[in-house]
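One file, input.cif, is given below (mmCIF, C-alpha atoms).
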data_run
#
loop_
_atom_site.label_atom_id
_atom_site.label_comp_id
_atom_site.auth_asym_id
_atom_site.auth_seq_id
_atom_site.Cartn_x
_atom_site.Cartn_y
_atom_site.Cartn_z
CA MET A 1 169.55 56.43 72.62
CA SER A 2 170.60 55.32 69.18
CA SER A 3 172.46 57.50 66.74
CA ALA A 4 169.15 58.04 64.95
CA ASP A 5 168.02 60.09 67.96
CA LEU A 6 170.94 62.47 67.68
CA PRO A 7 170.25 65.95 66.36
CA ALA A 8 172.61 65.06 63.55
CA PRO A 9 172.57 63.18 60.25
CA ALA A 10 171.81 59.56 61.03
CA ALA A 11 175.21 58.32 59.93
CA SER A 12 177.13 60.82 62.02
CA GLU A 13 177.82 60.50 65.72
CA VAL A 14 180.07 63.55 65.90
CA LEU A 15 179.02 66.96 64.73
CA GLU A 16 180.93 70.23 64.70
CA LEU A 17 178.78 73.27 65.44
CA GLU A 18 179.30 77.01 65.14
CA PHE A 19 177.49 79.26 67.61
CA ALA A 20 177.83 82.62 65.85
CA ALA A 21 176.66 84.56 68.91
CA GLY A 22 178.28 82.26 71.46
CA LEU A 23 176.27 81.01 74.41
CA VAL A 24 174.24 83.17 76.79
CA GLY A 25 176.74 84.42 79.33
CA LEU A 26 179.60 82.88 77.36
CA PRO A 27 179.76 85.05 74.22
CA ASP A 28 183.26 83.96 73.25
CA ALA A 29 182.44 80.26 73.03
CA HIS A 30 181.65 79.68 69.38
CA ARG A 31 182.86 76.27 68.22
CA PHE A 32 181.78 72.97 69.72
CA ARG A 33 181.83 69.28 68.96
CA LEU A 34 178.66 67.32 69.71
CA ALA A 35 179.00 63.61 70.37
CA VAL A 36 177.28 60.75 72.14
CA LEU A 37 178.57 60.32 75.68
CA ASP A 38 178.93 56.93 77.36
CA ASP A 39 176.97 55.21 74.54
CA GLY A 40 173.97 57.49 75.20
CA PRO A 41 171.50 58.80 76.08
CA LEU A 42 173.72 61.67 77.14
CA LEU A 43 175.36 63.95 74.62
CA GLU A 44 178.51 65.95 75.18
CA LEU A 45 179.05 69.41 73.79
CA ALA A 46 182.78 70.06 74.00
CA GLY A 47 184.33 73.43 73.21
CA LEU A 48 186.84 73.60 70.37
CA ASP A 49 187.84 77.18 71.11
CA SER A 50 187.35 77.01 74.87
CA GLY A 51 187.78 74.52 77.67
CA LEU A 52 184.03 74.29 78.18
CA ALA A 53 182.14 71.02 78.16
CA PHE A 54 178.43 70.43 78.63
CA ALA A 55 176.22 67.40 79.06
CA ALA A 56 172.94 67.60 77.17
CA LEU A 57 169.85 65.67 76.22
CA PRO A 58 167.37 66.14 73.38
CA ALA A 59 164.84 68.58 74.86
CA ASP A 60 161.92 66.43 73.76
CA GLY A 61 163.24 63.73 76.08
CA VAL A 62 162.60 66.08 79.00
CA ARG A 63 159.51 67.86 77.70
CA PRO A 64 157.85 65.79 74.96
CA GLY A 65 156.58 67.88 72.08
CA MET A 66 158.76 70.90 72.82
CA THR A 67 160.34 70.93 69.36
CA ASP A 68 156.94 70.91 67.67
CA GLU A 69 155.69 73.69 69.99
CA LEU A 70 158.55 76.00 69.13
CA ARG A 71 158.43 75.14 65.46
CA ALA A 72 154.73 75.96 65.34
CA ARG A 73 155.32 79.41 66.76
CA GLY A 74 158.25 80.07 64.47
CA ALA A 75 160.92 80.09 67.17
CA ILE A 76 162.97 77.41 65.41
CA GLY A 77 163.31 76.40 61.82
CA ALA A 78 162.28 73.16 60.15
CA GLY A 79 165.82 71.80 60.22
CA GLU A 80 166.64 72.72 63.79
CA ARG A 81 166.67 70.28 66.69
CA LEU A 82 166.50 71.19 70.37
CA LEU A 83 168.97 70.23 73.07
CA ALA A 84 168.75 70.99 76.78
CA LEU A 85 171.91 71.64 78.80
CA LEU A 86 172.12 69.67 82.04
CA SER A 87 173.18 70.76 85.50
CA VAL A 88 173.26 69.25 88.96
CA HIS A 89 171.41 70.94 91.82
CA GLY A 90 170.10 70.27 95.29
CA GLU A 91 170.80 67.91 98.14
CA PRO A 92 170.47 65.10 97.40
CA ALA A 93 171.83 66.03 94.01
CA VAL A 94 169.50 65.77 91.04
CA VAL A 95 170.07 66.40 87.36
CA THR A 96 168.09 69.26 85.86
CA ALA A 97 167.60 70.39 82.28
CA ASN A 98 167.59 74.04 81.25
CA LEU A 99 164.45 74.34 79.13
CA ALA A 100 164.44 78.15 79.41
CA GLY A 101 167.69 78.31 77.47
CA PRO A 102 167.70 75.39 75.03
CA LEU A 103 170.07 75.02 72.12
CA ALA A 104 168.64 75.06 68.59
CA VAL A 105 170.96 72.96 66.47
CA ASP A 106 170.89 72.80 62.68
CA PRO A 107 172.85 69.64 61.86
CA ALA A 108 172.83 70.19 58.10
CA ALA A 109 174.23 73.70 58.36
CA GLY A 110 176.55 72.94 61.29
CA THR A 111 175.18 75.95 63.14
CA ALA A 112 173.54 76.41 66.51
CA ARG A 113 172.18 79.11 68.78
CA GLN A 114 170.89 79.36 72.30
CA LEU A 115 167.31 80.50 72.78
CA VAL A 116 165.84 82.24 75.83
CA LEU A 117 162.22 81.25 76.37
CA GLU A 118 159.64 82.99 78.53
CA GLY A 119 156.91 81.02 80.23
CA GLU A 120 156.27 78.47 82.97
CA ALA A 121 156.27 75.69 80.38
CA TYR A 122 160.00 76.10 79.97
CA PRO A 123 161.60 76.00 83.42
CA LEU A 124 165.21 76.83 84.08
CA ARG A 125 165.65 73.63 86.08
CA ALA A 126 163.35 70.89 84.88
CA PRO A 127 163.97 67.64 86.72
CA VAL A 128 165.31 64.97 84.42
CA GLY A 129 163.06 61.97 84.91
CA ALA A 130 163.18 58.38 83.86
CA ALA A 131 161.54 59.18 80.53
CA ALA A 132 164.57 61.17 79.42
CA MET B 1 169.09 106.01 78.69
CA LEU B 2 166.03 107.70 77.25
CA ALA B 3 163.25 108.25 79.78
CA LEU B 4 159.67 108.78 78.58
CA THR B 5 156.50 109.27 80.59
CA ARG B 6 153.48 107.27 79.41
CA ARG B 7 150.02 106.70 80.86
CA ALA B 8 147.93 103.55 80.70
CA GLY B 9 146.75 103.07 77.12
CA GLN B 10 149.57 105.08 75.62
CA ALA B 11 152.33 103.56 73.55
CA LEU B 12 155.72 104.17 72.05
CA ARG B 13 157.47 102.81 69.01
CA ILE B 14 160.99 101.47 68.67
CA GLY B 15 162.10 101.69 65.07
CA GLU B 16 159.46 100.94 62.48
CA THR B 17 158.39 97.51 63.63
CA ILE B 18 158.16 97.44 67.43
CA GLU B 19 155.40 99.01 69.52
CA VAL B 20 155.26 98.95 73.30
CA GLN B 21 151.95 99.85 74.95
CA VAL B 22 151.22 100.42 78.63
CA LEU B 23 148.19 98.18 79.10
CA ARG B 24 147.58 98.91 82.77
CA ILE B 25 149.27 99.94 85.99
CA GLU B 26 148.69 97.85 89.11
CA GLY B 27 150.35 99.36 92.17
CA ASP B 28 154.08 99.12 91.56
CA ARG B 29 153.65 96.85 88.52
CA VAL B 30 153.27 97.95 84.93
CA VAL B 31 151.74 95.57 82.40
CA LEU B 32 153.18 96.11 78.93
CA GLY B 33 151.97 94.88 75.57
CA ILE B 34 154.69 94.46 72.98
CA ALA B 35 154.11 94.04 69.25
CA ALA B 36 157.23 93.01 67.39
CA PRO B 37 158.29 90.78 64.51
CA ARG B 38 158.47 87.10 65.43
CA ASP B 39 162.23 87.01 64.97
CA VAL B 40 162.80 89.66 67.66
CA PRO B 41 163.40 87.92 71.00
CA ILE B 42 161.55 89.54 73.91
CA VAL B 43 162.62 88.38 77.35
CA ARG B 44 162.74 89.79 80.83
CA SER B 45 166.24 90.97 81.75
CA GLU B 46 166.24 88.86 84.89
CA LEU B 47 165.46 85.73 82.86
CA LEU B 48 168.41 86.46 80.61
CA ALA B 49 170.61 86.72 83.72
CA GLU B 50 169.20 83.44 85.07
CA VAL B 51 169.82 81.58 81.81
CA SER B 52 173.32 83.01 81.72
CA ALA B 53 174.04 81.77 85.25
CA GLU B 54 172.51 78.36 84.55
CA THR B 55 174.53 77.96 81.35
CA ARG B 56 177.71 78.76 83.25
CA ALA B 57 176.75 76.28 85.95
CA ALA B 58 176.17 73.61 83.33
CA ALA B 59 179.72 74.05 82.08
CA SER B 60 181.04 72.65 85.33
CA ALA B 61 178.41 69.96 85.85
CA THR B 62 179.34 67.38 83.24
CA ALA B 63 181.12 65.06 85.67
CA GLY B 64 178.21 65.19 88.11
CA VAL B 65 175.68 64.54 85.39
CA ARG B 66 177.65 61.53 84.15
CA ARG B 67 177.88 60.19 87.69
CA LEU B 68 174.15 60.54 88.30
CA LEU B 69 172.90 59.46 84.88
CA GLY B 70 175.76 57.41 83.58
CA GLY B 71 174.17 54.11 84.39
CA ARG B 72 171.08 54.80 82.33
#
Do you think you could lay out the structure here as structure tokens?
Amino acid sequence: MSSADLPAPAASEVLELEFAAGLVGLPDAHRFRLAVLDDGPLLELAGLDSGLAFAALPADGVRPGMTDELRARGAIGAGERLLALLSVHGEPAVVTANLAGPLAVDPAAGTARQLVLEGEAYPLRAPVGAAA
Amino acid sequence: MLALTRRAGQALRIGETIEVQVLRIEGDRVVLGIAAPRDVPIVRSELLAEVSAETRAAASATAGVRRLLGGR
């Protein structure tokens, strides 16, 4: 992934974000730094007011068109980009993306929030395939 | 907690903008219709708990993700 794919201004590879409401289940985690990890495609979301760190991918890389879907139904704004948090599950271990609880990031405002989405189209553990 | 009894087809309002209607009752399942402004999130409580647990799990998965995807 190039820096142009980041949910950030093209010239920036590090972005500080404020989650006013924290994350779901982690309400005290408000400030994070978003940066490219290992030269991409992974992103790292590192806590500035907590010891938390997440790996993430642009949600469209896991489910193409997801940003447009949510924008069309008014769930995210025109300036917001979607990220999916990644986990490891199963044996053998596989990487999964949480599409039920994606992050909506507004790079220009430096704000972000975590959504909770109903529906089979947005699984909690979507396998991360080669297309991501 | 407020407890109200409603029959199929009946509704209740929450504030001035949210209406919850009992559409039908199927055995031990109740099908609800909810009309609310688009900016009001409506999710099942168990989904909220699942997303919470998955978010917490993700906070300890970064090393594993890097190991599995790092070569891409």
TODO: Find the residues of chain B in contact range of chain A, meaning any atom within 8 Å when counting all atoms listed in the file, and list them as a PyMOL selection string.
DONE: chain B and resi 38-39+41+43-44+47-62+64-66+68-70+72
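For the point (180.2, 74.6, 61.2), the residues with an atom at a distance of at most 10 Å are Leu15, Glu16, Leu17, Glu18, Phe19, Ala20, His30, Arg31, Phe32, Arg33, Asp106, Pro107, Ala108, Ala109, Gly110, Thr111 and Ala112 of chain A, counting all atoms listed in the file.
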Open item on the list: Once the PyMOL selection byres ((chain B and resi 34) around 9) has been evaluated on this model, what residues remain selected, and can you format them as a ChimeraX atom specification?
Closed with: /B:18-22,32-33,35-36,42
Mind dumping the selected residues with C-alpha atoms as a CSV table (one decimal), keeping the file's coordinate frame?
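So the final result, stored in part11.csv, reads:
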chain,number,residue,atom,x,y,z
B,18,ILE,CA,158.2,97.4,67.4
B,19,GLU,CA,155.4,99.0,69.5
B,20,VAL,CA,155.3,99.0,73.3
B,21,GLN,CA,152.0,99.8,75.0
B,22,VAL,CA,151.2,100.4,78.6
B,32,LEU,CA,153.2,96.1,78.9
B,33,GLY,CA,152.0,94.9,75.6
B,35,ALA,CA,154.1,94.0,69.2
B,36,ALA,CA,157.2,93.0,67.4
B,42,ILE,CA,161.6,89.5,73.9
TODO: With a distance cut-off of 6 Å and only C-alpha atoms, select the neighbouring residues of Glu80 of chain A, excluding the residue or stretch itself and same-chain residues fewer than 3 positions from it, and output the selection as a list in words.
DONE: Gly77, Ala104, Val105 and Asp106 of chain A
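The spacing separating atom CA of Ala21 of chain A from atom CA of Pro64 of chain A amounts to 27.3 Å.
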TODO: Give me, please, the distance in Å between atom CA of Val14 of chain A and atom CA of Val36 of chain A, quoted to one decimal.
DONE: 7.4 Å
Task: Residues in the PyMOL selection byres ((chain B and resi 24) around 12), expressed as a count of residues only - done: 18
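Taking atom CA of Gly47 of chain A as the reference point, atom CA of Leu34 of chain A is found at 9.0 Å.
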Can you report as AutoDock Vina command-line options the centre and edge lengths in Å, to one decimal, of an axis-aligned box around the listed atoms of segment 18-28 of chain B padded with 3 Å on each side?
--center_x 152.9 --center_y 98.9 --center_z 79.8 --size_x 16.6 --size_y 9.0 --size_z 30.7
Open item on the list: My list of candidates is A:Leu48, A:Tyr122, A:Asp28, A:Ala35. Which is closest to Asp60 of chain A when distances are computed with only C-alpha atoms?
Closed with: A:Tyr122
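Distances from A:Ala29, A:Ala121, A:Leu103, A:Leu70 to Pro58 of chain A were compared using only C-alpha atoms, and the smallest one belongs to A:Leu103.
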